[in-house]
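Chemist: Provided herewith: upload-v9.pdb, PDB, C-alpha atoms.
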```pdb
MODEL        1
ATOM      1  CA  MET A   1      21.956  -1.039  -5.170
ATOM      2  CA  LYS A   2      25.146   0.385  -3.679
ATOM      3  CA  ASN A   3      25.279   0.916   0.095
ATOM      4  CA  VAL A   4      21.536   0.292   0.451
ATOM      5  CA  VAL A   5      20.354  -0.995   3.842
ATOM      6  CA  ILE A   6      17.060  -2.918   3.954
ATOM      7  CA  HIS A   7      15.972  -4.472   7.243
ATOM      8  CA  GLN A   8      15.126  -8.159   6.925
ATOM      9  CA  SER A   9      11.550  -7.560   8.141
ATOM     10  CA  SER A  10      10.765  -5.286   5.164
ATOM     11  CA  PHE A  11       9.270  -6.372   1.828
ATOM     12  CA  ILE A  12      10.480  -4.935  -1.462
ATOM     13  CA  ASP A  13       8.373  -5.940  -4.485
ATOM     14  CA  GLU A  14       9.805  -6.537  -7.943
ATOM     15  CA  CYS A  15      10.458  -3.671 -10.350
ATOM     16  CA  VAL A  16      11.613  -1.222  -7.655
ATOM     17  CA  ALA A  17      14.555   1.177  -8.035
ATOM     18  CA  ILE A  18      16.348   2.185  -4.824
ATOM     19  CA  GLY A  19      19.128   4.790  -4.906
ATOM     20  CA  GLU A  20      22.578   4.619  -3.394
ATOM     21  CA  GLY A  21      22.878   5.053   0.361
ATOM     22  CA  THR A  22      19.155   4.656   1.060
ATOM     23  CA  LYS A  23      18.052   2.997   4.307
ATOM     24  CA  ILE A  24      14.755   1.147   4.742
ATOM     25  CA  TRP A  25      14.018   0.208   8.335
ATOM     26  CA  HIS A  26      11.745  -2.351  10.061
ATOM     27  CA  PHE A  27       8.381  -3.565   8.692
ATOM     28  CA  CYS A  28       8.300  -1.450   5.522
ATOM     29  CA  HIS A  29       6.609  -2.412   2.258
ATOM     30  CA  VAL A  30       7.794  -0.905  -1.034
ATOM     31  CA  GLN A  31       5.439  -1.852  -3.859
ATOM     32  CA  ALA A  32       6.025  -2.387  -7.580
ATOM     33  CA  GLY A  33       7.064   0.500  -9.800
ATOM     34  CA  VAL A  34       8.446   2.632  -6.970
ATOM     35  CA  VAL A  35      11.504   4.810  -7.539
ATOM     36  CA  ILE A  36      13.415   5.919  -4.430
ATOM     37  CA  GLY A  37      16.312   8.357  -4.811
ATOM     38  CA  ASN A  38      19.756   8.405  -3.250
ATOM     39  CA  HIS A  39      20.392   8.827   0.492
ATOM     40  CA  CYS A  40      16.765   8.506   1.626
ATOM     41  CA  SER A  41      15.572   7.121   4.935
ATOM     42  CA  LEU A  42      12.299   5.230   5.407
ATOM     43  CA  GLY A  43      11.453   4.753   9.079
ATOM     44  CA  GLN A  44       9.654   1.838  10.675
ATOM     45  CA  ASN A  45       6.325   0.699   9.173
ATOM     46  CA  VAL A  46       6.418   2.865   6.031
ATOM     47  CA  ASN A  47       4.237   1.754   3.111
ATOM     48  CA  VAL A  48       5.143   3.042  -0.360
ATOM     49  CA  GLY A  49       2.347   2.355  -2.865
ATOM     50  CA  ASN A  50       2.715   1.348  -6.491
ATOM     51  CA  ASN A  51       4.482   3.791  -8.816
ATOM     52  CA  VAL A  52       5.303   6.379  -6.140
ATOM     53  CA  HIS A  53       8.378   8.519  -6.872
ATOM     54  CA  ILE A  54      10.635   9.702  -4.038
ATOM     55  CA  GLY A  55      13.504  12.105  -4.783
ATOM     56  CA  ASP A  56      16.993  12.223  -3.309
ATOM     57  CA  GLY A  57      17.599  12.939   0.371
ATOM     58  CA  CYS A  58      13.999  12.398   1.560
ATOM     59  CA  LYS A  59      13.303  11.500   5.198
ATOM     60  CA  ILE A  60      10.090   9.547   5.750
ATOM     61  CA  GLN A  61       9.429   8.941   9.427
ATOM     62  CA  ASN A  62       7.614   6.028  11.103
ATOM     63  CA  ASN A  63       4.081   4.969  10.121
ATOM     64  CA  VAL A  64       3.780   6.998   6.901
ATOM     65  CA  SER A  65       1.908   5.627   3.878
ATOM     66  CA  LEU A  66       2.653   7.136   0.475
ATOM     67  CA  TYR A  67      -0.196   5.983  -1.767
ATOM     68  CA  GLU A  68      -0.124   5.736  -5.542
ATOM     69  CA  GLY A  69      -0.249   9.228  -7.029
ATOM     70  CA  VAL A  70       2.139  10.796  -4.499
ATOM     71  CA  THR A  71       5.405  12.305  -5.738
ATOM     72  CA  LEU A  72       8.061  13.661  -3.378
ATOM     73  CA  GLU A  73      10.776  15.825  -4.908
ATOM     74  CA  ASP A  74      14.271  16.026  -3.359
ATOM     75  CA  TYR A  75      14.804  16.650   0.386
ATOM     76  CA  VAL A  76      11.176  16.282   1.468
ATOM     77  CA  PHE A  77      10.568  15.495   5.153
ATOM     78  CA  CYS A  78       7.465  13.508   6.150
ATOM     79  CA  GLY A  79       6.914  13.531   9.914
ATOM     80  CA  PRO A  80       5.697  10.543  11.922
ATOM     81  CA  SER A  81       2.236   9.269  10.983
ATOM     82  CA  CYS A  82       1.497  11.978   8.433
ATOM     83  CA  VAL A  83      -1.212  10.873   6.013
ATOM     84  CA  PHE A  84      -1.633  11.193   2.249
ATOM     85  CA  THR A  85      -4.916  10.452   0.478
ATOM     86  CA  ASN A  86      -5.499   9.658  -3.182
ATOM     87  CA  ASP A  87      -9.309   9.472  -3.469
ATOM     88  CA  LEU A  88     -11.663  12.349  -2.592
ATOM     89  CA  THR A  89     -14.798  10.184  -2.451
ATOM     90  CA  PRO A  90     -13.785   6.647  -1.424
ATOM     91  CA  ARG A  91     -16.337   3.860  -1.187
ATOM     92  CA  ALA A  92     -15.535   0.290  -0.194
ATOM     93  CA  LYS A  93     -18.460  -0.987  -2.287
ATOM     94  CA  TYR A  94     -17.617   1.152  -5.348
ATOM     95  CA  PRO A  95     -13.849   1.206  -5.819
ATOM     96  CA  LYS A  96     -12.730   3.480  -8.655
ATOM     97  CA  GLY A  97      -9.240   2.227  -9.382
ATOM     98  CA  HIS A  98      -6.054   4.204  -9.914
ATOM     99  CA  GLU A  99      -7.366   6.013 -13.014
ATOM    100  CA  ALA A 100      -9.635   8.125 -10.776
ATOM    101  CA  TRP A 101      -7.096   8.903  -8.053
ATOM    102  CA  LEU A 102      -5.818  12.465  -7.812
ATOM    103  CA  PRO A 103      -2.061  13.146  -7.744
ATOM    104  CA  THR A 104      -0.239  14.945  -4.951
ATOM    105  CA  LEU A 105       3.085  16.698  -5.531
ATOM    106  CA  VAL A 106       5.364  17.708  -2.663
ATOM    107  CA  ARG A 107       8.019  20.058  -4.024
ATOM    108  CA  GLU A 108      11.694  20.261  -3.085
ATOM    109  CA  GLY A 109      12.555  20.752   0.569
ATOM    110  CA  ALA A 110       8.993  20.854   1.908
ATOM    111  CA  SER A 111       8.385  19.491   5.423
ATOM    112  CA  ILE A 112       5.192  17.883   6.670
ATOM    113  CA  GLY A 113       4.696  17.691  10.427
ATOM    114  CA  ALA A 114       3.632  14.689  12.490
ATOM    115  CA  ASN A 115       0.026  13.571  12.042
ATOM    116  CA  ALA A 116      -0.680  16.099   9.272
ATOM    117  CA  THR A 117      -3.152  15.035   6.571
ATOM    118  CA  ILE A 118      -2.583  15.937   2.924
ATOM    119  CA  ILE A 119      -5.759  15.761   0.823
ATOM    120  CA  CYS A 120      -5.025  14.550  -2.707
ATOM    121  CA  GLY A 121      -5.024  16.705  -5.819
ATOM    122  CA  HIS A 122      -2.806  19.439  -4.407
ATOM    123  CA  THR A 123       0.767  20.690  -4.614
ATOM    124  CA  ILE A 124       2.836  21.619  -1.589
ATOM    125  CA  GLY A 125       5.368  24.273  -2.627
ATOM    126  CA  ARG A 126       9.141  24.296  -2.276
ATOM    127  CA  TRP A 127      10.434  24.706   1.277
ATOM    128  CA  ALA A 128       6.879  24.970   2.680
ATOM    129  CA  LEU A 129       6.297  23.863   6.270
ATOM    130  CA  ILE A 130       3.108  22.025   7.231
ATOM    131  CA  GLY A 131       2.527  22.092  10.994
ATOM    132  CA  ALA A 132       1.854  18.983  13.051
ATOM    133  CA  GLY A 133      -1.782  17.895  12.841
ATOM    134  CA  ALA A 134      -2.675  20.293  10.008
ATOM    135  CA  VAL A 135      -5.147  19.233   7.304
ATOM    136  CA  VAL A 136      -4.039  20.527   3.893
ATOM    137  CA  ALA A 137      -6.944  20.813   1.438
ATOM    138  CA  THR A 138      -5.540  23.473  -0.936
ATOM    139  CA  ASP A 139      -2.366  24.126  -2.899
ATOM    140  CA  VAL A 140       0.419  25.505  -0.706
ATOM    141  CA  PRO A 141       2.742  28.299  -1.931
ATOM    142  CA  ASP A 142       6.523  27.993  -1.794
ATOM    143  CA  HIS A 143       7.876  28.842   1.700
ATOM    144  CA  ALA A 144       4.379  28.991   3.273
ATOM    145  CA  LEU A 145       3.846  28.086   6.935
ATOM    146  CA  MET A 146       0.537  26.186   7.103
ATOM    147  CA  LEU A 147      -1.196  25.473  10.428
ATOM    148  CA  GLY A 148      -4.576  24.255  11.633
ATOM    149  CA  VAL A 149      -7.689  22.399  10.523
ATOM    150  CA  PRO A 150      -8.211  23.248   7.777
ATOM    151  CA  ALA A 151      -4.660  24.466   7.218
ATOM    152  CA  ARG A 152      -4.285  28.192   6.646
ATOM    153  CA  GLN A 153      -1.160  30.213   6.009
ATOM    154  CA  HIS A 154       0.382  31.736   9.143
ATOM    155  CA  GLY A 155       3.538  33.245   7.709
ATOM    156  CA  TRP A 156       6.596  32.344   5.700
ATOM    157  CA  VAL A 157       9.561  30.058   6.364
ATOM    158  CA  CYS A 158      13.145  30.174   5.211
ATOM    159  CA  GLU A 159      14.802  27.418   3.221
ATOM    160  CA  CYS A 160      16.561  26.474   6.487
ATOM    161  CA  GLY A 161      13.169  25.984   8.197
ATOM    162  CA  GLN A 162      13.023  29.043  10.466
ATOM    163  CA  VAL A 163       9.949  31.276  10.492
ATOM    164  CA  LEU A 164      10.733  34.591   8.785
ATOM    165  CA  ASN A 165      10.337  37.848  10.690
ATOM    166  CA  ASP A 166       8.164  40.799   9.579
ATOM    167  CA  ARG A 167      10.997  42.032   7.318
ATOM    168  CA  LEU A 168      11.024  38.600   5.586
ATOM    169  CA  SER A 169      14.496  37.894   6.962
ATOM    170  CA  CYS A 170      15.660  34.701   8.625
ATOM    171  CA  PRO A 171      16.860  35.091  12.218
ATOM    172  CA  GLN A 172      18.886  31.851  11.905
ATOM    173  CA  CYS A 173      20.808  31.920   8.617
ATOM    174  CA  GLU A 174      20.224  35.588   7.707
ATOM    175  CA  ARG A 175      18.753  34.927   4.258
ATOM    176  CA  HIS A 176      16.549  37.765   3.036
ATOM    177  CA  TYR A 177      13.378  37.422   0.975
ATOM    178  CA  HIS A 178      10.957  39.722  -0.830
ATOM    179  CA  MET A 179       7.476  39.434  -2.323
ATOM    180  CA  ASP A 180       7.304  39.159  -6.110
ATOM    181  CA  GLY A 181       3.581  39.421  -6.742
ATOM    182  CA  HIS A 182       2.130  36.601  -4.631
ATOM    183  CA  GLU A 183       5.408  34.649  -4.486
ATOM    184  CA  LEU A 184       8.163  34.815  -1.915
ATOM    185  CA  LYS A 185      11.613  35.044  -3.530
ATOM    186  CA  GLU A 186      15.057  35.046  -1.976
ATOM    187  CA  LYS A 187      17.029  38.290  -2.442
ATOM    188  CA  MET A 188      20.300  37.658  -4.211
TER     189      MET A 188
ENDMDL
END
```
Please go through the file and, once you have read it, give me the structure as structure tokens.
Modeler:
Amino acid sequence: MKNVVIHQSSFIDECVAIGEGTKIWHFCHVQAGVVIGNHCSLGQNVNVGNNVHIGDGCKIQNNVSLYEGVTLEDYVFCGPSCVFTNDLTPRAKYPKGHEAWLPTLVREGASIGANATIICGHTIGRWALIGAGAVVATDVPDHALMLGVPARQHGWVCECGQVLNDRLSCPQCERHYHMDGHELKEKM
């Protein structure tokens, strides 16, 4: 593990792969079977459940729990205290086990705001932006801006994170997009 920083208060179980340049801060727990990519940052009090996969360049802020079944592709941002679930009908008396948990996939570059809740069994598209406090209970298209409870689409966002204008152009980096059916695509 080259250039990996792990605070002494954190626990890393056996059979964990941590990529080069990754930093794991105070009071984290990384459980067995986890794969963490290169140049990631796990803030204070992050729990990474068994067999979770985290891509390169991910930023996971304080108090986030990534439960078994969650996969983060490269450059995903998880804001402070955002929540992932993995069981639609949990019961303390009748635990189902990991075979019944539903997977959640967060695609490349997506950002999840502080205190958002991601209901399991869904995919959050590439470069999507989930607003703070939103509750995501459906699949999210690439580049979608999702706000509210339950989360609904309120526009489109650029790869750089800025909300696109009515012409589907970015006021920040000047990328231009167009609709291809129901998908937003960058003009080349």
Chemist: Would you compute the distance between atom CA of Gln44 of chain A and atom CA of Val64 of chain A? Give it in Å to one decimal.
Modeler: 8.7 Å
Chemist: Under the rule that all atoms listed in the file are counted, which of A:Thr104, A:Asn86, A:Asn45, A:Thr22 is the nearest residue to Gly57 of chain A?
Modeler: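 When distances to Gly57 of chain A are compared using all atoms listed in the file, the smallest one comes from A:Thr22.
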Chemist: If you measure from atom CA of Gly109 of chain A to atom CA of Phe77 of chain A, what distance in Å do you get, rounded to one decimal?
Modeler: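 Distance reported for this atom pair: 7.3 Å.
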Chemist: At what distance in Å, to one decimal, does atom CA of Glu186 of chain A lie from atom CA of Cys170 of chain A?
Modeler: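 It comes out at 10.6 Å.
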Chemist: Running the PyMOL selection byres ((chain A and resi 32) around 10) on this model by hand, what would come out? Give it as a list in words.
Modeler: Ile12, Asp13, Glu14, Cys15, Val16, Ala17, His29, Val30, Gln31, Gly33, Val34, Val35, Val48, Gly49, Asn50, Asn51 and Val52 of chain A
Chemist: Running the PyMOL selection byres ((chain A and resi 183) around 12) on this model by hand, what would come out? Give it as a PyMOL selection string.
Modeler: chain A and resi 125-126+140-144+156+177-182+184-186
Chemist: Determine, counting only C-alpha atoms, every residue of protein, DNA or RNA that lies within 8 Å of (-6.0, 12.8, -6.2) in the file coordinates, then give the result as a list in words.
Modeler: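 With a cut-off of 8 Å, the residues come to Gly69, Thr85, Asn86, Asp87, Leu88, Ala100, Trp101, Leu102, Pro103, Thr104, Ile119, Cys120, Gly121 and His122 of chain A.
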Chemist: Could you write out as a PyMOL selection string the residues that the PyMOL selection byres ((chain A and resi 58) around 7) matches in the shown file?
Modeler: chain A and resi 40-41+55-57+59-60+74-77
Chemist: Go through A:Val83, A:Ile124, A:Val106, A:Cys173 and flag the residue nearest Met146 of chain A, using all atoms listed in the file for the distances.
Modeler: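 Counting all atoms listed in the file, the residue closest to Met146 of chain A is A:Ile124.
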Chemist: Please determine an axis-aligned box that encloses all atoms of segment 88-95 of chain A listed in the file, with 6 Å added on each side, and express its centre and edge lengths in Å to one decimal as lines of an AutoDock Vina configuration file.
Modeler:
```
center_x = -15.1
center_y = 5.7
center_z = -3.0
size_x = 18.8
size_y = 25.3
size_z = 17.6
```
Chemist: Name the closest residue to Glu73 of chain A among the candidates A:Val5, A:Ala110, A:Glu99, A:Glu159; distances are taken between atoms, counting only C-alpha atoms.
Modeler: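 Smallest distance to Glu73 of chain A is found for A:Ala110.
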Chemist: Which residue is closest to Leu72 of chain A? Choose from A:His39, A:Arg167, A:His53, A:His98 and count all atoms listed in the file.
Modeler: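 That would be A:His53, the residue with the smallest distance to Leu72 of chain A.
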Chemist: Counting all atoms listed in the file, find the residues whose atoms lie at most 10 Å from (12.9, 30.0, 7.7) (file coordinates) and write them out as a list in words.
Modeler: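 Answer for this query, in the requested form: Trp127, Ala128, Leu129, His143, Ala144, Leu145, Gly155, Trp156, Val157, Cys158, Glu159, Cys160, Gly161, Gln162, Val163, Leu164, Asn165, Leu168, Ser169, Cys170, Pro171, Gln172, Cys173, Glu174, Arg175 and His176 of chain A.
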